[in-house]
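Text of run.cif, listed as mmCIF, N, CA and C atoms:
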data_data
loop_
_atom_site.group_PDB
_atom_site.id
_atom_site.type_symbol
_atom_site.label_atom_id
_atom_site.label_comp_id
_atom_site.auth_asym_id
_atom_site.auth_seq_id
_atom_site.Cartn_x
_atom_site.Cartn_y
_atom_site.Cartn_z
ATOM 1 N N MET A 1 -14.024 21.354 -78.646
ATOM 2 C CA MET A 1 -12.787 21.842 -78.078
ATOM 3 C C MET A 1 -12.937 22.023 -76.568
ATOM 4 N N LYS A 2 -14.064 22.572 -76.146
ATOM 5 C CA LYS A 2 -14.267 22.772 -74.711
ATOM 6 C C LYS A 2 -14.388 21.436 -73.985
ATOM 7 N N ARG A 3 -15.001 20.458 -74.652
ATOM 8 C CA ARG A 3 -15.136 19.142 -74.041
ATOM 9 C C ARG A 3 -13.766 18.504 -73.859
ATOM 10 N N PHE A 4 -12.885 18.671 -74.846
ATOM 11 C CA PHE A 4 -11.541 18.128 -74.737
ATOM 12 C C PHE A 4 -10.802 18.752 -73.560
ATOM 13 N N PHE A 5 -10.920 20.069 -73.408
ATOM 14 C CA PHE A 5 -10.265 20.747 -72.296
ATOM 15 C C PHE A 5 -10.824 20.255 -70.972
ATOM 16 N N PHE A 6 -12.142 20.107 -70.890
ATOM 17 C CA PHE A 6 -12.751 19.629 -69.659
ATOM 18 C C PHE A 6 -12.262 18.228 -69.327
ATOM 19 N N CYS A 7 -12.183 17.367 -70.322
ATOM 20 C CA CYS A 7 -11.692 15.997 -70.093
ATOM 21 C C CYS A 7 -10.230 16.009 -69.651
ATOM 22 N N THR A 8 -9.426 16.841 -70.275
ATOM 23 C CA THR A 8 -8.012 16.931 -69.902
ATOM 24 C C THR A 8 -7.863 17.458 -68.484
ATOM 25 N N ALA A 9 -8.602 18.503 -68.153
ATOM 26 C CA ALA A 9 -8.529 19.081 -66.808
ATOM 27 C C ALA A 9 -8.999 18.076 -65.766
ATOM 28 N N THR A 10 -10.072 17.349 -66.065
ATOM 29 C CA THR A 10 -10.582 16.337 -65.139
ATOM 30 C C THR A 10 -9.544 15.235 -64.938
ATOM 31 N N PHE A 11 -8.899 14.830 -66.016
ATOM 32 C CA PHE A 11 -7.871 13.797 -65.927
ATOM 33 C C PHE A 11 -6.750 14.225 -64.984
ATOM 34 N N PHE A 12 -6.264 15.458 -65.141
ATOM 35 C CA PHE A 12 -5.191 15.935 -64.275
ATOM 36 C C PHE A 12 -5.653 16.103 -62.837
ATOM 37 N N CYS A 13 -6.902 16.491 -62.638
ATOM 38 C CA CYS A 13 -7.431 16.598 -61.270
ATOM 39 C C CYS A 13 -7.478 15.222 -60.609
ATOM 40 N N LEU A 14 -7.905 14.220 -61.365
ATOM 41 C CA LEU A 14 -7.952 12.866 -60.820
ATOM 42 C C LEU A 14 -6.552 12.357 -60.490
ATOM 43 N N ILE A 15 -5.612 12.648 -61.352
ATOM 44 C CA ILE A 15 -4.236 12.222 -61.103
ATOM 45 C C ILE A 15 -3.698 12.895 -59.845
ATOM 46 N N SER A 16 -3.925 14.205 -59.716
ATOM 47 C CA SER A 16 -3.381 14.892 -58.549
ATOM 48 C C SER A 16 -4.068 14.453 -57.264
ATOM 49 N N SER A 17 -5.368 14.132 -57.312
ATOM 50 C CA SER A 17 -6.003 13.650 -56.094
ATOM 51 C C SER A 17 -5.534 12.242 -55.757
ATOM 52 N N ALA A 18 -5.263 11.414 -56.760
ATOM 53 C CA ALA A 18 -4.725 10.077 -56.502
ATOM 54 C C ALA A 18 -3.336 10.182 -55.884
ATOM 55 N N VAL A 19 -2.556 11.125 -56.344
ATOM 56 C CA VAL A 19 -1.225 11.343 -55.772
ATOM 57 C C VAL A 19 -1.348 11.820 -54.331
ATOM 58 N N ALA A 20 -2.304 12.689 -54.072
ATOM 59 C CA ALA A 20 -2.484 13.205 -52.710
ATOM 60 C C ALA A 20 -2.885 12.077 -51.762
ATOM 61 N N LEU A 21 -3.722 11.160 -52.233
ATOM 62 C CA LEU A 21 -4.138 10.044 -51.386
ATOM 63 C C LEU A 21 -2.984 9.086 -51.110
ATOM 64 N N SER A 22 -2.159 8.866 -52.095
ATOM 65 C CA SER A 22 -1.058 7.928 -51.917
ATOM 66 C C SER A 22 0.186 8.599 -51.356
ATOM 67 N N ALA A 23 0.134 9.890 -51.121
ATOM 68 C CA ALA A 23 1.314 10.624 -50.664
ATOM 69 C C ALA A 23 1.780 10.156 -49.288
ATOM 70 N N GLY A 24 0.862 9.693 -48.464
ATOM 71 C CA GLY A 24 1.251 9.248 -47.136
ATOM 72 C C GLY A 24 2.110 8.000 -47.165
ATOM 73 N N SER A 25 1.990 7.182 -48.184
ATOM 74 C CA SER A 25 2.735 5.927 -48.238
ATOM 75 C C SER A 25 4.069 6.070 -48.968
ATOM 76 N N MET A 26 4.306 7.180 -49.644
ATOM 77 C CA MET A 26 5.548 7.375 -50.389
ATOM 78 C C MET A 26 6.584 8.106 -49.548
ATOM 79 N N PRO A 27 7.836 7.755 -49.713
ATOM 80 C CA PRO A 27 8.883 8.571 -49.108
ATOM 81 C C PRO A 27 8.913 9.952 -49.762
ATOM 82 N N THR A 28 9.436 10.911 -49.050
ATOM 83 C CA THR A 28 9.428 12.295 -49.530
ATOM 84 C C THR A 28 10.166 12.451 -50.848
ATOM 85 N N GLU A 29 11.288 11.759 -51.006
ATOM 86 C CA GLU A 29 12.041 11.869 -52.263
ATOM 87 C C GLU A 29 11.201 11.417 -53.452
ATOM 88 N N GLU A 30 10.459 10.332 -53.281
ATOM 89 C CA GLU A 30 9.614 9.840 -54.361
ATOM 90 C C GLU A 30 8.466 10.800 -54.636
ATOM 91 N N GLN A 31 7.917 11.386 -53.578
ATOM 92 C CA GLN A 31 6.846 12.365 -53.767
ATOM 93 C C GLN A 31 7.345 13.560 -54.565
ATOM 94 N N VAL A 32 8.516 14.057 -54.194
ATOM 95 C CA VAL A 32 9.084 15.217 -54.884
ATOM 96 C C VAL A 32 9.380 14.864 -56.345
ATOM 97 N N ALA A 33 9.912 13.682 -56.579
ATOM 98 C CA ALA A 33 10.208 13.260 -57.952
ATOM 99 C C ALA A 33 8.915 13.130 -58.759
ATOM 100 N N HIS A 34 7.877 12.596 -58.123
ATOM 101 C CA HIS A 34 6.594 12.460 -58.806
ATOM 102 C C HIS A 34 6.003 13.833 -59.131
ATOM 103 N N ILE A 35 6.093 14.755 -58.197
ATOM 104 C CA ILE A 35 5.608 16.117 -58.429
ATOM 105 C C ILE A 35 6.395 16.768 -59.556
ATOM 106 N N ASP A 36 7.708 16.549 -59.582
ATOM 107 C CA ASP A 36 8.528 17.100 -60.665
ATOM 108 C C ASP A 36 8.082 16.573 -62.030
ATOM 109 N N ARG A 37 7.782 15.274 -62.095
ATOM 110 C CA ARG A 37 7.305 14.695 -63.355
ATOM 111 C C ARG A 37 5.966 15.305 -63.772
ATOM 112 N N GLN A 38 5.077 15.488 -62.785
ATOM 113 C CA GLN A 38 3.784 16.100 -63.097
ATOM 114 C C GLN A 38 3.965 17.522 -63.603
ATOM 115 N N ILE A 39 4.867 18.257 -62.960
ATOM 116 C CA ILE A 39 5.114 19.640 -63.363
ATOM 117 C C ILE A 39 5.635 19.679 -64.797
ATOM 118 N N GLU A 40 6.550 18.793 -65.134
ATOM 119 C CA GLU A 40 7.080 18.767 -66.505
ATOM 120 C C GLU A 40 5.993 18.433 -67.526
ATOM 121 N N GLU A 41 5.139 17.467 -67.180
ATOM 122 C CA GLU A 41 4.048 17.117 -68.085
ATOM 123 C C GLU A 41 3.108 18.305 -68.272
ATOM 124 N N LEU A 42 2.782 18.984 -67.187
ATOM 125 C CA LEU A 42 1.896 20.133 -67.274
ATOM 126 C C LEU A 42 2.537 21.278 -68.053
ATOM 127 N N ARG A 43 3.837 21.450 -67.908
ATOM 128 C CA ARG A 43 4.521 22.500 -68.672
ATOM 129 C C ARG A 43 4.468 22.198 -70.170
ATOM 130 N N ASP A 44 4.584 20.920 -70.515
ATOM 131 C CA ASP A 44 4.467 20.542 -71.928
ATOM 132 C C ASP A 44 3.067 20.846 -72.461
ATOM 133 N N VAL A 45 2.058 20.523 -71.660
ATOM 134 C CA VAL A 45 0.680 20.800 -72.060
ATOM 135 C C VAL A 45 0.481 22.310 -72.204
ATOM 136 N N LYS A 46 1.017 23.055 -71.251
ATOM 137 C CA LYS A 46 0.895 24.516 -71.285
ATOM 138 C C LYS A 46 1.574 25.089 -72.530
ATOM 139 N N ARG A 47 2.761 24.589 -72.856
ATOM 140 C CA ARG A 47 3.452 25.050 -74.065
ATOM 141 C C ARG A 47 2.610 24.783 -75.309
ATOM 142 N N GLY A 48 1.930 23.644 -75.335
ATOM 143 C CA GLY A 48 1.059 23.333 -76.468
ATOM 144 C C GLY A 48 -0.072 24.333 -76.605
ATOM 145 N N TYR A 49 -0.720 24.655 -75.476
ATOM 146 C CA TYR A 49 -1.801 25.643 -75.516
ATOM 147 C C TYR A 49 -1.275 27.013 -75.921
ATOM 148 N N GLU A 50 -0.118 27.393 -75.400
ATOM 149 C CA GLU A 50 0.447 28.691 -75.756
ATOM 150 C C GLU A 50 0.828 28.735 -77.236
ATOM 151 N N GLY A 51 1.358 27.630 -77.738
ATOM 152 C CA GLY A 51 1.709 27.563 -79.153
ATOM 153 C C GLY A 51 0.490 27.683 -80.049
ATOM 154 N N ARG A 52 -0.602 26.989 -79.660
ATOM 155 C CA ARG A 52 -1.838 27.105 -80.434
ATOM 156 C C ARG A 52 -2.401 28.514 -80.369
ATOM 157 N N ALA A 53 -2.286 29.152 -79.199
ATOM 158 C CA ALA A 53 -2.763 30.530 -79.069
ATOM 159 C C ALA A 53 -1.984 31.451 -80.002
ATOM 160 N N LEU A 54 -0.673 31.298 -80.034
ATOM 161 C CA LEU A 54 0.137 32.117 -80.936
ATOM 162 C C LEU A 54 -0.222 31.870 -82.399
ATOM 163 N N TRP A 55 -0.436 30.629 -82.742
ATOM 164 C CA TRP A 55 -0.796 30.289 -84.116
ATOM 165 C C TRP A 55 -2.099 30.976 -84.512
ATOM 166 N N HIS A 56 -3.110 30.902 -83.621
ATOM 167 C CA HIS A 56 -4.393 31.546 -83.915
ATOM 168 C C HIS A 56 -4.258 33.065 -83.957
ATOM 169 N N GLU A 57 -3.448 33.632 -83.081
ATOM 170 C CA GLU A 57 -3.232 35.076 -83.107
ATOM 171 C C GLU A 57 -2.569 35.509 -84.410
ATOM 172 N N ASN A 58 -1.599 34.740 -84.862
ATOM 173 C CA ASN A 58 -0.938 35.064 -86.131
ATOM 174 C C ASN A 58 -1.914 34.991 -87.303
ATOM 175 N N LEU A 59 -2.747 33.963 -87.307
ATOM 176 C CA LEU A 59 -3.750 33.861 -88.373
ATOM 177 C C LEU A 59 -4.724 35.031 -88.333
ATOM 178 N N ALA A 60 -5.131 35.409 -87.130
ATOM 179 C CA ALA A 60 -6.058 36.530 -86.997
ATOM 180 C C ALA A 60 -5.416 37.821 -87.499
ATOM 181 N N GLU A 61 -4.157 38.037 -87.158
ATOM 182 C CA GLU A 61 -3.468 39.235 -87.629
ATOM 183 C C GLU A 61 -3.348 39.235 -89.149
ATOM 184 N N TYR A 62 -3.071 38.099 -89.705
ATOM 185 C CA TYR A 62 -2.921 37.991 -91.155
ATOM 186 C C TYR A 62 -4.250 38.261 -91.868
ATOM 187 N N GLN A 63 -5.335 37.741 -91.286
ATOM 188 C CA GLN A 63 -6.631 37.828 -91.966
ATOM 189 C C GLN A 63 -7.435 39.079 -91.629
ATOM 190 N N GLN A 64 -7.000 39.854 -90.657
ATOM 191 C CA GLN A 64 -7.826 40.971 -90.212
ATOM 192 C C GLN A 64 -8.009 42.057 -91.266
ATOM 193 N N PHE A 65 -7.117 42.143 -92.220
ATOM 194 C CA PHE A 65 -7.202 43.192 -93.219
ATOM 195 C C PHE A 65 -7.987 42.777 -94.461
ATOM 196 N N GLU A 66 -8.440 41.550 -94.477
ATOM 197 C CA GLU A 66 -9.274 41.091 -95.579
ATOM 198 C C GLU A 66 -10.728 41.149 -95.134
ATOM 199 N N SER A 67 -11.519 41.955 -95.798
ATOM 200 C CA SER A 67 -12.898 42.197 -95.355
ATOM 201 C C SER A 67 -13.761 40.936 -95.394
ATOM 202 N N ARG A 68 -13.453 40.013 -96.251
ATOM 203 C CA ARG A 68 -14.263 38.799 -96.359
ATOM 204 C C ARG A 68 -13.988 37.817 -95.209
ATOM 205 N N ASN A 69 -12.890 38.000 -94.542
ATOM 206 C CA ASN A 69 -12.502 37.057 -93.494
ATOM 207 C C ASN A 69 -12.793 37.569 -92.087
ATOM 208 N N TYR A 70 -13.772 38.439 -91.943
ATOM 209 C CA TYR A 70 -14.068 38.997 -90.627
ATOM 210 C C TYR A 70 -14.444 37.912 -89.624
ATOM 211 N N LEU A 71 -15.345 37.031 -90.010
ATOM 212 C CA LEU A 71 -15.785 35.968 -89.090
ATOM 213 C C LEU A 71 -14.653 35.000 -88.781
ATOM 214 N N GLU A 72 -13.861 34.712 -89.776
ATOM 215 C CA GLU A 72 -12.720 33.813 -89.572
ATOM 216 C C GLU A 72 -11.702 34.446 -88.616
ATOM 217 N N THR A 73 -11.471 35.741 -88.781
ATOM 218 C CA THR A 73 -10.552 36.462 -87.885
ATOM 219 C C THR A 73 -11.080 36.430 -86.466
ATOM 220 N N ARG A 74 -12.349 36.699 -86.327
ATOM 221 C CA ARG A 74 -12.969 36.686 -84.990
ATOM 222 C C ARG A 74 -12.862 35.303 -84.346
ATOM 223 N N ARG A 75 -13.081 34.268 -85.138
ATOM 224 C CA ARG A 75 -12.990 32.901 -84.609
ATOM 225 C C ARG A 75 -11.573 32.603 -84.124
ATOM 226 N N HIS A 76 -10.578 33.032 -84.883
ATOM 227 C CA HIS A 76 -9.196 32.788 -84.470
ATOM 228 C C HIS A 76 -8.841 33.567 -83.206
ATOM 229 N N ILE A 77 -9.361 34.772 -83.074
ATOM 230 C CA ILE A 77 -9.119 35.550 -81.850
ATOM 231 C C ILE A 77 -9.747 34.852 -80.651
ATOM 232 N N GLU A 78 -10.963 34.328 -80.817
ATOM 233 C CA GLU A 78 -11.628 33.611 -79.728
ATOM 234 C C GLU A 78 -10.877 32.329 -79.366
ATOM 235 N N LEU A 79 -10.408 31.614 -80.376
ATOM 236 C CA LEU A 79 -9.646 30.387 -80.105
ATOM 237 C C LEU A 79 -8.330 30.700 -79.398
ATOM 238 N N ALA A 80 -7.695 31.790 -79.793
ATOM 239 C CA ALA A 80 -6.462 32.193 -79.118
ATOM 240 C C ALA A 80 -6.746 32.527 -77.665
ATOM 241 N N HIS A 81 -7.844 33.215 -77.420
ATOM 242 C CA HIS A 81 -8.213 33.571 -76.041
ATOM 243 C C HIS A 81 -8.499 32.310 -75.213
ATOM 244 N N GLU A 82 -9.225 31.362 -75.799
ATOM 245 C CA GLU A 82 -9.508 30.106 -75.096
ATOM 246 C C GLU A 82 -8.218 29.366 -74.743
ATOM 247 N N ASN A 83 -7.294 29.320 -75.678
ATOM 248 C CA ASN A 83 -6.028 28.632 -75.418
ATOM 249 C C ASN A 83 -5.212 29.350 -74.354
ATOM 250 N N ARG A 84 -5.260 30.681 -74.334
ATOM 251 C CA ARG A 84 -4.572 31.435 -73.273
ATOM 252 C C ARG A 84 -5.189 31.138 -71.913
ATOM 253 N N GLU A 85 -6.519 31.026 -71.865
ATOM 254 C CA GLU A 85 -7.182 30.689 -70.599
ATOM 255 C C GLU A 85 -6.779 29.292 -70.125
ATOM 256 N N LYS A 86 -6.698 28.367 -71.049
ATOM 257 C CA LYS A 86 -6.296 27.001 -70.700
ATOM 258 C C LYS A 86 -4.860 26.980 -70.182
ATOM 259 N N ALA A 87 -3.993 27.759 -70.808
ATOM 260 C CA ALA A 87 -2.601 27.839 -70.355
ATOM 261 C C ALA A 87 -2.535 28.453 -68.959
ATOM 262 N N ALA A 88 -3.368 29.442 -68.685
ATOM 263 C CA ALA A 88 -3.392 30.057 -67.354
ATOM 264 C C ALA A 88 -3.893 29.059 -66.308
ATOM 265 N N PHE A 89 -4.889 28.253 -66.676
ATOM 266 C CA PHE A 89 -5.402 27.230 -65.770
ATOM 267 C C PHE A 89 -4.300 26.211 -65.437
ATOM 268 N N ILE A 90 -3.582 25.791 -66.452
ATOM 269 C CA ILE A 90 -2.478 24.848 -66.257
ATOM 270 C C ILE A 90 -1.392 25.483 -65.388
ATOM 271 N N GLN A 91 -1.121 26.772 -65.583
ATOM 272 C CA GLN A 91 -0.109 27.450 -64.777
ATOM 273 C C GLN A 91 -0.515 27.482 -63.311
ATOM 274 N N ARG A 92 -1.806 27.673 -63.034
ATOM 275 C CA ARG A 92 -2.262 27.635 -61.627
ATOM 276 C C ARG A 92 -2.030 26.257 -61.028
ATOM 277 N N LYS A 93 -2.264 25.204 -61.811
ATOM 278 C CA LYS A 93 -2.001 23.848 -61.322
ATOM 279 C C LYS A 93 -0.506 23.654 -61.054
ATOM 280 N N ILE A 94 0.329 24.179 -61.940
ATOM 281 C CA ILE A 94 1.781 24.087 -61.748
ATOM 282 C C ILE A 94 2.183 24.816 -60.476
ATOM 283 N N ASP A 95 1.610 25.984 -60.247
ATOM 284 C CA ASP A 95 1.927 26.748 -59.039
ATOM 285 C C ASP A 95 1.533 25.982 -57.778
ATOM 286 N N ARG A 96 0.370 25.326 -57.812
ATOM 287 C CA ARG A 96 -0.053 24.529 -56.645
ATOM 288 C C ARG A 96 0.913 23.370 -56.407
ATOM 289 N N LEU A 97 1.337 22.708 -57.477
ATOM 290 C CA LEU A 97 2.285 21.604 -57.330
ATOM 291 C C LEU A 97 3.629 22.101 -56.804
ATOM 292 N N GLU A 98 4.068 23.257 -57.294
ATOM 293 C CA GLU A 98 5.330 23.834 -56.808
ATOM 294 C C GLU A 98 5.247 24.150 -55.318
ATOM 295 N N SER A 99 4.127 24.709 -54.884
ATOM 296 C CA SER A 99 3.989 25.032 -53.462
ATOM 297 C C SER A 99 3.928 23.756 -52.617
ATOM 298 N N ARG A 100 3.272 22.715 -53.144
ATOM 299 C CA ARG A 100 3.236 21.447 -52.401
ATOM 300 C C ARG A 100 4.635 20.839 -52.325
ATOM 301 N N LYS A 101 5.386 20.967 -53.392
ATOM 302 C CA LYS A 101 6.767 20.469 -53.396
ATOM 303 C C LYS A 101 7.612 21.214 -52.359
ATOM 304 N N GLN A 102 7.477 22.534 -52.314
ATOM 305 C CA GLN A 102 8.227 23.324 -51.335
ATOM 306 C C GLN A 102 7.828 22.944 -49.912
ATOM 307 N N LEU A 103 6.549 22.686 -49.692
ATOM 308 C CA LEU A 103 6.081 22.273 -48.371
ATOM 309 C C LEU A 103 6.692 20.926 -47.978
ATOM 310 N N LEU A 104 6.735 19.996 -48.917
ATOM 311 C CA LEU A 104 7.346 18.688 -48.638
ATOM 312 C C LEU A 104 8.831 18.835 -48.309
ATOM 313 N N LEU A 105 9.519 19.691 -49.056
ATOM 314 C CA LEU A 105 10.937 19.889 -48.796
ATOM 315 C C LEU A 105 11.181 20.544 -47.429
ATOM 316 N N LYS A 106 10.307 21.472 -47.063
ATOM 317 C CA LYS A 106 10.430 22.094 -45.737
ATOM 318 C C LYS A 106 10.205 21.079 -44.631
ATOM 319 N N GLU A 107 9.169 20.227 -44.816
ATOM 320 C CA GLU A 107 8.882 19.207 -43.817
ATOM 321 C C GLU A 107 10.042 18.225 -43.678
ATOM 322 N N GLU A 108 10.679 17.908 -44.788
ATOM 323 C CA GLU A 108 11.806 16.983 -44.761
ATOM 324 C C GLU A 108 12.982 17.574 -43.997
ATOM 325 N N GLN A 109 13.199 18.870 -44.138
ATOM 326 C CA GLN A 109 14.314 19.533 -43.455
ATOM 327 C C GLN A 109 14.072 19.627 -41.954
ATOM 328 N N SER A 110 12.814 19.688 -41.540
ATOM 329 C CA SER A 110 12.501 19.831 -40.115
ATOM 330 C C SER A 110 12.777 18.577 -39.328
#

Turn the structure described in the file into structure tokens.
Amino acid sequence: MKRFFFCTATFFCLISSAVALSAGSMPTEEQVAHIDRQIEELRDVKRGYEGRALWHENLAEYQQFESRNYLETRRHIELAHENREKAAFIQRKIDRLESRKQLLLKEEQS
């Protein structure tokens, strides 16, 4: 699971650096549209992580009262926490893209 997250995060980092390199050759409207598409894709990924976190939290709540499922409950709590961390990481990327978009729009107005 951690390897998958690392691969996904690396993929998005490579995409954003490729966009940054090619940003000089794109008109501002295309850059903003591209950033908007990236933001939407990242929001979808974030929703997936948040949904998985909720699912694991619900399972943990359901199983916490069964004494035989202590380890299973603990595992679901840890998985929920990992998914919340991944969603927070994605949100930071979204925030950076939003700020870059605002900067591009300000530059265009000047």

- How many Å separate CA of Val32 in chain A from CA of Leu104 in chain A?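 Atom-to-atom, CA of Val32 in chain A to CA of Leu104 in chain A, that is 7.4 Å.
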
- Query: Nearest to Glu57 in chain A among A:Glu108, A:Glu78, A:Glu29, A:Glu85, with distances taken over all atoms listed in the file: which residue is it?
  - Reply: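 Smallest distance to Glu57 in chain A is found for A:Glu78.
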
- Two-atom distance - atom N of Leu54 in chain A, atom C of His81 in chain A (Å):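 One can read the atom N of Leu54 in chain A to atom C of His81 in chain A distance as 9.2 Å.
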
- Give me the residues within 8 Å of Arg43 in chain A as a list of chain:residue names, counting only N, CA and C atoms and dropping any in the same chain fewer than 4 places off.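 The residues satisfying every condition are A:Arg37, A:Gln38, A:Ile39, A:Arg47, A:Gly48, A:Tyr49, A:Ile90, A:Gln91, A:Ile94.
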
Those same residues, written as a compact mmCIF listing (two decimals), in the frame of the given file with N, CA and C atoms?
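To be explicit, this is the file written out as selection_3.txt:
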# COMPACT_ATOMS: atom_id res chain seq x y z
N ARG A 37 7.78 15.27 -62.10
CA ARG A 37 7.30 14.70 -63.36
C ARG A 37 5.97 15.30 -63.77
N GLN A 38 5.08 15.49 -62.78
CA GLN A 38 3.78 16.10 -63.10
C GLN A 38 3.96 17.52 -63.60
N ILE A 39 4.87 18.26 -62.96
CA ILE A 39 5.11 19.64 -63.36
C ILE A 39 5.64 19.68 -64.80
N ARG A 47 2.76 24.59 -72.86
CA ARG A 47 3.45 25.05 -74.06
C ARG A 47 2.61 24.78 -75.31
N GLY A 48 1.93 23.64 -75.33
CA GLY A 48 1.06 23.33 -76.47
C GLY A 48 -0.07 24.33 -76.60
N TYR A 49 -0.72 24.66 -75.48
CA TYR A 49 -1.80 25.64 -75.52
C TYR A 49 -1.27 27.01 -75.92
N ILE A 90 -3.58 25.79 -66.45
CA ILE A 90 -2.48 24.85 -66.26
C ILE A 90 -1.39 25.48 -65.39
N GLN A 91 -1.12 26.77 -65.58
CA GLN A 91 -0.11 27.45 -64.78
C GLN A 91 -0.52 27.48 -63.31
N ILE A 94 0.33 24.18 -61.94
CA ILE A 94 1.78 24.09 -61.75
C ILE A 94 2.18 24.82 -60.48

- Message: Need to verify the contact set: Glu82 in chain A, 8 Å, all atoms listed in the file, exclusion of same-chain residues closer than 6 positions in sequence. Can you return it as a count of residues only?
- Response: 4

- Item | Residues matched by the PyMOL selection byres ((chain A and resi 73) around 7), written as a count of residues only | 14

- Can you tell me how far CA of Lys101 in chain A sits from CA of Ala33 in chain A, in Å to one decimal?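 CA of Ala33 in chain A lies 9.2 Å from CA of Lys101 in chain A.
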
- Item | Closest of A:Lys93, A:Leu103, A:Ser110, A:Ala87 to Gly51 in chain A - atom-to-atom distances counting only C-alpha atoms | A:Ala87

- Nearest to Asn83 in chain A by atom-to-atom distance, counting only N, CA and C atoms, from A:Glu41, A:Asp36, A:Glu50, A:Glu30: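 Ranked by minimum distance to Asn83 in chain A, first place goes to A:Glu50.
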
- Query: With only C-alpha atoms as the atoms that count, which of A:Glu107, A:Ala80, A:Lys86, A:Ser67 lies nearest to Lys46 in chain A?
  - Reply: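 Residue with the minimum atom-to-atom distance to Lys46 in chain A: A:Lys86.
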